[in-house]
Structure formats: structure tokens, C-alpha cells
Amino acid sequence: MTQNHNSLVEIQNMAFSRGSHVIYEDISLSIPKGKVTAIMGPSGIGKTTLLKLIGGQLTPSKGKVLFDGIDVHQCSRNQLFVLRKRMSMLFQSGALFTDMNVFDNVAFALREHSGLPEAIIRRIVLMKLEAVGLRGAAPLMPTELSGGMQRRAALARAIALEPEIILYDEPFAGQDPISMGVLVKLIRELSDALNLTSVVVSHDVQEVLGIADYVYVLADKRIIAHGTPEELRLADNPQLTQFIGGKPDGPVPFHYPAPDYKKELLSGLD
Amino acid sequence: MGLINQIAKLGRGAIDLVVGLGSAGMMLWGAIAHRPRVRKGTPLLIKQLYVIGVQSMVIILVSGLFIGMVLALQGYNILVGFGTEESLGPMVALSLLRELGPVITALLFAGRAGSALTAELGLMKSTEQLSSLEMMAIDPLRQIIAPRFWAGVISLPLLALMFTAIGIYGGHIVGVEWKGIDSGAFWSILQSSVEWRQDIVNCIIKSALFAVVVTWIALYRGYNVVPNPEGISRATTQTVVQSSLAVLALDFLLTAMMFGS
């Protein structure tokens, strides 16, 4: 497979295992520039792992991850750090630095990398916080914020250096409907306004289908379906229908693999 | 089969140990083997000196005072039987400088600051703060590990000297103020017995080496923690147990080298 010029990230025939546990067998996907691409799948399928593979925090056992044509896993540590200045990641927990207030959290990467004077950094930070609606919360510590606000503050920090791509790890997990609505709106608006490439990893089907331009669905260590949200809604793949419809049993079984139920119940009687 | 399993287990243990030592060495090398960043590094170092060093002062000073007092009281009871109670000053000072100062300070430091470092790093890892630094193209080894390591290495020798100084003062309270030893004799015999190179420099060397060991173990355990509550609890315990044992074993080696001949 060759590099597609419209895509920022290309994953080519990638496999990944943790010890003897295979997470991916053979995955290929491409993330187009300036679009919101969603990666969906059941919990525990390794969606966060995929983001860490794109960010170079994990190394695949086979295959390549190309970022703007550069093989992420062939880079030296310094080259990787240069590449990461063009990426940003919104962690599931927010991962705000707990010993700094919201303002300093957002200013952190700017102070480290930009070399800008403090007066300009202050203005940039206030603009980023205004974009996520938290300018008034600048002096608060992360522990004083609600879960949704923490994630918005982390989002302000993620866009501080104006990256080309943002990797969102389960941005909607554990959010109340209002926070969820705010985050959905922010992800879409930021993507359109800044021409950002966004990768959203999530299992919140309706929210994701609402904002994504293109969707990949992972299951059984591979991609089982991909397409625009409309194409996926109309698809007749039973595994996909179960996932999108949220049905408890189907091709993805309700029961964890176990020996015969009756035999196991009767086995301890004598 | 039983014997083979035992041998395999022993081999696995040895391999794990070597791998652990290797990765601990790589971590420390990654943290300290680079050009120092004065403008950005100094505030981080000062903050850690405060957290690791200044905040450990109370426990070190109070322990030092009581240990000096106990040492003087026990020493006095023995020395008075031989009529040599004037030697109490050098007895207290040399015990503290050569052994108790560096060793007890390092043990207290492992319990007070080492465990806190491990727990802090463990929680930073479990809340993905270390990963998020990496993704911001900031090396956590330089940003997080290096200032904590240097703060430990600078703080512990100073704390050991404070412990020793206040211990000697505790000895003075018991020997001179309470038991009535002549103050002039106490200080003059103490001064003539304590040697700069043999006693004070060796005290500083010992505590600097203990500082490297304790801080290194604490940081390695925290940085490589399994990020869940059980993992953090285990890592914190390992820090205290392993660094205490390492300090005691290293103390024997150093004492044999410094005072053996």
C-alpha cells in the first residue's frame, strides 16, 4: 500500500500483541487530513492502544504507522519528539497536571516549546480557554473542576500548540448529557475552525456517528467495517448491527467463553 | 520435575533481577546524562528540594535530638563505671558521624521522602500524566525524574549533617546539663577526637551514596509501577523495604572500606 496524499496517518498491515495476547492481527486504515475519523469497537478491544501506536508510545510487532509519510517507529527519540509537537492527545482521564492550576496546565507546553514571551502566552492561553468556555476557571486547580470541565481544560491544553492532529481517547466516557453535548460540539467546531485532523476513539455510538466523517469499527482483532456513518447505519453485517443497535447478545456473545453450564454446576456435588 | 522447576524459577529470578537493574540504569542515565537546563531546571529543582528536603527536616531533627539524648544517657551509664565520663562527647559525636547520622537519616528519608516519591510517580502514571508529557514531546525523565533525583542527592547529606549536629546537642543536654559533666571537657575532647577527613568527610560520602541508592530505588519503583491501587501500594512498600536493606548492606561495605584497616 502506498501513502495516500490526502491522509495524515496511514496504518499499513499492522499487528500488535501484549505478551501472548494478540490485540491486532492485521490492520490497515487511513486517516484523512482535516476530517473527523472515528474508531469504534467494544470495550477492551484495544482502541486506546491504537492511539498509543499512532503516537509512538507503543511499537507494533509487524507493519507500519506513517504520520505525514514518516514511519513513526523508525524515528529516533528526538525525531519522535519533533513529530509529537505536531500531534496532541486528549486522554480519557484528562491527565491534567494536578500540581498546577488550569491556566498553567494550558500554558505548560507553550512555555516548554514555543519560546514566546509570557505576555503573548497569556493571551494564547486565554483564547484557548475561551474556546472551551473555561476562561473564568483559569485560576482553579484541576481537583476543583467537574469531570466534564477537566476534559474541556485538557482539550484547551491539547490545542494550545495548534497541532495538526488530535487523538481523542474516549472523550465521552462517564460524561453527563450536557457535558457530552458540549464535547461533541467542541470536537466538531474545533475540527472545522482550525482544519484539524481528529481521531475519536469511542464506543458511544450515537455521539460518534453524529460528528464523524468516516468510521472504522474494530472487533475480533481486525477492522470489521468502515465507511461514512450513513453507510454503516445501512450495512447488514450482523456484528455491526449488534454493535450499533446495542443488542446484548449476537455474534459478540453475552457470555465469556466457559465450559458447559450444566456440567459445571453438577460437577461439585459428590 | 520439581528440581528442574526450582532451577527454572531461580533462573527467571536472576534474569528479572538483571533486567530490572538494566532498566533502572537506563532510567537514571536518561534522566541525568544531558546538558543541564539552568533556566527551566532550577525552579523544578528548588521545588523538589523544598518537598523532599525541607519537609523532611522536622522528622530528622526530632529523631536526631532524641537519639543523641538516648545515646548520651546509655553511654554515660557505662563510662561513669570506668570514671571516663568526660569521653562522652567524642563517643556521641563519633557514633553519630560515623554510623548513626548517615544510616538513620537514610532510613528515615526512605520512609518519609522515598515512599512519597514512589506514590507520587505511581499516581502520575495511573492518571496518565507521564504519558501526556511524552505526547507533548516533553521527556518525563528530564522533567520529572531528574529534579527529584538531584533534590534527593543534595538533601540527604545536608539532613544527615543536621541530624548529627542536633544529636550532639542532645548528648550535650543529657551529659552536661543533666549529668553534670564539665562543659569545657565535653567540647574540647570532642573537638580533638573528631577528624575532618576521617569522620566528617566520610559521613558526607556515606550519606551521598545512600541518597543515590534511596532516591534511585524510589524513582524506579514509582516510574515502573503497575498503575492500579494494588500496584502503587506494592511499589511503595518495595521502596521502603529495598532501600532500607540496600542502605544497611551498603553501610557495612563502606564501613569496612573506611574503617576496616
# chains A, B, ... in the order shown; residues from 1 in each chain; ligands from 1
$ interface_residues --of "chain B" --to "chain A" --cutoff "9 Å" --atoms "only C-alpha atoms" --output "PDB file with C-alpha atoms, in the first residue's frame"
ATOM      1  CA  LYS B  40      13.897  25.715  33.215  1.00  0.00           C
ATOM      2  CA  MET B 124       1.122  10.391  37.927  1.00  0.00           C
ATOM      3  CA  THR B 127      -3.605   9.280  35.826  1.00  0.00           C
ATOM      4  CA  GLU B 128      -1.671   9.283  32.528  1.00  0.00           C
ATOM      5  CA  GLN B 129       0.263  12.451  33.402  1.00  0.00           C
ATOM      6  CA  LEU B 130       3.548  10.814  32.386  1.00  0.00           C
ATOM      7  CA  SER B 131       2.067   9.635  29.078  1.00  0.00           C
ATOM      8  CA  SER B 132       0.666  13.087  28.446  1.00  0.00           C
ATOM      9  CA  LEU B 133       4.127  14.638  28.950  1.00  0.00           C
ATOM     10  CA  GLU B 134       5.508  12.199  26.391  1.00  0.00           C
ATOM     11  CA  MET B 135       2.774  13.123  23.942  1.00  0.00           C
ATOM     12  CA  MET B 136       3.608  16.814  24.473  1.00  0.00           C
ATOM     13  CA  ALA B 137       7.164  15.987  23.347  1.00  0.00           C
ATOM     14  CA  ILE B 138       8.490  16.602  26.856  1.00  0.00           C
ATOM     15  CA  ASP B 139      10.746  13.908  28.238  1.00  0.00           C
TER      16      ASP B 139
END
$ atom_distance --atom1 "atom CA of A:Asp169" --atom2 "atom CA of A:Pro142"
18.8 Å
$ residues_around --residues "stretch 123-134 of chain A" --least-positions-apart "4" --cutoff "7 Å" --atoms "only C-alpha atoms" --output "PDB file with C-alpha atoms, in the first residue's frame"
ATOM      1  CA  PHE A 103      -4.012  28.333  33.308  1.00  0.00           C
ATOM      2  CA  VAL A 106      -2.715  25.080  29.259  1.00  0.00           C
ATOM      3  CA  ALA A 107       0.416  27.269  29.219  1.00  0.00           C
ATOM      4  CA  ALA A 119       2.554  38.251  27.745  1.00  0.00           C
ATOM      5  CA  ALA A 138      -8.214  29.699  34.749  1.00  0.00           C
ATOM      6  CA  ARG A 152     -12.549  20.642  28.404  1.00  0.00           C
ATOM      7  CA  ALA A 156      -7.708  23.586  25.688  1.00  0.00           C
ATOM      8  CA  ALA A 160      -2.537  25.137  22.760  1.00  0.00           C
TER       9      ALA A 160
END
$ atom_distance --atom1 "atom CA of B:Ala31" --atom2 "atom CA of B:Ile15"
24.2 Å
$ atom_distance --atom1 "atom CA of B:Ile205" --atom2 "atom CA of B:Ile32"
19.7 Å
$ closest_residue --among "B:Gly231, B:Gly114, B:Gly222, B:Gly175" --to "B:Val80" --atoms "only C-alpha atoms"
B:Gly175
$ closest_atom_pairs --of "stretch 125-160 of chain B" --to "stretch 45-69 of chain B" --cutoff "10 Å" --atoms "only C-alpha atoms" --output "Markdown table"
| residue | atom | partner | partner_atom | distance |
| --- | --- | --- | --- | --- |
| B:Gln143 | CA | B:Leu45 | CA | 9.9 |
| B:Ile144 | CA | B:Gln48 | CA | 9.8 |
| B:Ala146 | CA | B:Leu45 | CA | 8.4 |
| B:Pro147 | CA | B:Leu45 | CA | 4.8 |
| B:Arg148 | CA | B:Gln48 | CA | 5.8 |
| B:Phe149 | CA | B:Gln48 | CA | 9.0 |
| B:Trp150 | CA | B:Leu45 | CA | 7.3 |
| B:Ala151 | CA | B:Leu49 | CA | 4.9 |
| B:Gly152 | CA | B:Ile52 | CA | 6.5 |
| B:Val153 | CA | B:Leu49 | CA | 9.7 |
| B:Ile154 | CA | B:Leu49 | CA | 7.9 |
| B:Ser155 | CA | B:Gly53 | CA | 5.0 |
| B:Leu156 | CA | B:Gly53 | CA | 7.2 |
| B:Leu158 | CA | B:Gly53 | CA | 8.5 |
| B:Leu159 | CA | B:Ile60 | CA | 6.9 |
| B:Ala160 | CA | B:Ile60 | CA | 8.1 |
$ write_last_selection --atoms "N, CA, C and O atoms" --output "PDB file, in the first residue's frame"
ATOM      1  N   GLN B 143      11.988  15.997  32.918  1.00  0.00           N
ATOM      2  CA  GLN B 143      11.068  16.928  33.578  1.00  0.00           C
ATOM      3  C   GLN B 143      10.714  16.472  34.998  1.00  0.00           C
ATOM      4  O   GLN B 143      10.578  17.278  35.896  1.00  0.00           O
ATOM      5  N   ILE B 144      10.549  15.173  35.199  1.00  0.00           N
ATOM      6  CA  ILE B 144      10.028  14.651  36.462  1.00  0.00           C
ATOM      7  C   ILE B 144      11.118  13.937  37.274  1.00  0.00           C
ATOM      8  O   ILE B 144      11.278  14.172  38.465  1.00  0.00           O
ATOM      9  N   ALA B 146      14.642  13.737  36.798  1.00  0.00           N
ATOM     10  CA  ALA B 146      15.917  14.406  37.086  1.00  0.00           C
ATOM     11  C   ALA B 146      15.835  15.367  38.291  1.00  0.00           C
ATOM     12  O   ALA B 146      16.655  15.255  39.208  1.00  0.00           O
ATOM     13  N   PRO B 147      14.861  16.287  38.356  1.00  0.00           N
ATOM     14  CA  PRO B 147      14.859  17.202  39.513  1.00  0.00           C
ATOM     15  C   PRO B 147      14.669  16.482  40.845  1.00  0.00           C
ATOM     16  O   PRO B 147      15.270  16.862  41.856  1.00  0.00           O
ATOM     17  N   ARG B 148      13.871  15.413  40.830  1.00  0.00           N
ATOM     18  CA  ARG B 148      13.650  14.666  42.074  1.00  0.00           C
ATOM     19  C   ARG B 148      14.927  13.941  42.499  1.00  0.00           C
ATOM     20  O   ARG B 148      15.254  13.859  43.675  1.00  0.00           O
ATOM     21  N   PHE B 149      15.638  13.388  41.511  1.00  0.00           N
ATOM     22  CA  PHE B 149      16.873  12.672  41.819  1.00  0.00           C
ATOM     23  C   PHE B 149      17.904  13.623  42.434  1.00  0.00           C
ATOM     24  O   PHE B 149      18.450  13.359  43.511  1.00  0.00           O
ATOM     25  N   TRP B 150      18.130  14.760  41.769  1.00  0.00           N
ATOM     26  CA  TRP B 150      19.137  15.693  42.280  1.00  0.00           C
ATOM     27  C   TRP B 150      18.725  16.265  43.633  1.00  0.00           C
ATOM     28  O   TRP B 150      19.568  16.477  44.510  1.00  0.00           O
ATOM     29  N   ALA B 151      17.426  16.504  43.803  1.00  0.00           N
ATOM     30  CA  ALA B 151      16.968  17.038  45.088  1.00  0.00           C
ATOM     31  C   ALA B 151      17.266  16.040  46.205  1.00  0.00           C
ATOM     32  O   ALA B 151      17.716  16.423  47.296  1.00  0.00           O
ATOM     33  N   GLY B 152      17.053  14.743  45.937  1.00  0.00           N
ATOM     34  CA  GLY B 152      17.359  13.717  46.940  1.00  0.00           C
ATOM     35  C   GLY B 152      18.844  13.677  47.246  1.00  0.00           C
ATOM     36  O   GLY B 152      19.265  13.629  48.408  1.00  0.00           O
ATOM     37  N   VAL B 153      19.663  13.732  46.190  1.00  0.00           N
ATOM     38  CA  VAL B 153      21.116  13.625  46.378  1.00  0.00           C
ATOM     39  C   VAL B 153      21.671  14.845  47.121  1.00  0.00           C
ATOM     40  O   VAL B 153      22.607  14.728  47.910  1.00  0.00           O
ATOM     41  N   ILE B 154      21.080  16.003  46.895  1.00  0.00           N
ATOM     42  CA  ILE B 154      21.555  17.204  47.608  1.00  0.00           C
ATOM     43  C   ILE B 154      21.030  17.208  49.048  1.00  0.00           C
ATOM     44  O   ILE B 154      21.746  17.544  49.989  1.00  0.00           O
ATOM     45  N   SER B 155      19.766  16.812  49.229  1.00  0.00           N
ATOM     46  CA  SER B 155      19.125  16.958  50.546  1.00  0.00           C
ATOM     47  C   SER B 155      19.691  16.005  51.594  1.00  0.00           C
ATOM     48  O   SER B 155      19.918  16.401  52.740  1.00  0.00           O
ATOM     49  N   LEU B 156      19.856  14.740  51.227  1.00  0.00           N
ATOM     50  CA  LEU B 156      20.158  13.740  52.255  1.00  0.00           C
ATOM     51  C   LEU B 156      21.471  14.013  53.002  1.00  0.00           C
ATOM     52  O   LEU B 156      21.481  13.944  54.245  1.00  0.00           O
ATOM     53  N   LEU B 158      22.844  16.853  53.596  1.00  0.00           N
ATOM     54  CA  LEU B 158      22.598  18.007  54.475  1.00  0.00           C
ATOM     55  C   LEU B 158      21.751  17.590  55.680  1.00  0.00           C
ATOM     56  O   LEU B 158      22.007  17.993  56.815  1.00  0.00           O
ATOM     57  N   LEU B 159      20.741  16.744  55.410  1.00  0.00           N
ATOM     58  CA  LEU B 159      19.896  16.270  56.514  1.00  0.00           C
ATOM     59  C   LEU B 159      20.723  15.433  57.492  1.00  0.00           C
ATOM     60  O   LEU B 159      20.539  15.517  58.715  1.00  0.00           O
ATOM     61  N   ALA B 160      21.646  14.618  56.962  1.00  0.00           N
ATOM     62  CA  ALA B 160      22.481  13.773  57.834  1.00  0.00           C
ATOM     63  C   ALA B 160      23.362  14.648  58.728  1.00  0.00           C
ATOM     64  O   ALA B 160      23.545  14.359  59.925  1.00  0.00           O
TER      65      ALA B 160
END
$ closest_residue --among "A:Gly19, A:Gly34, A:Gly136, A:Pro177" --to "A:Ala212" --atoms "only C-alpha atoms"
A:Gly34
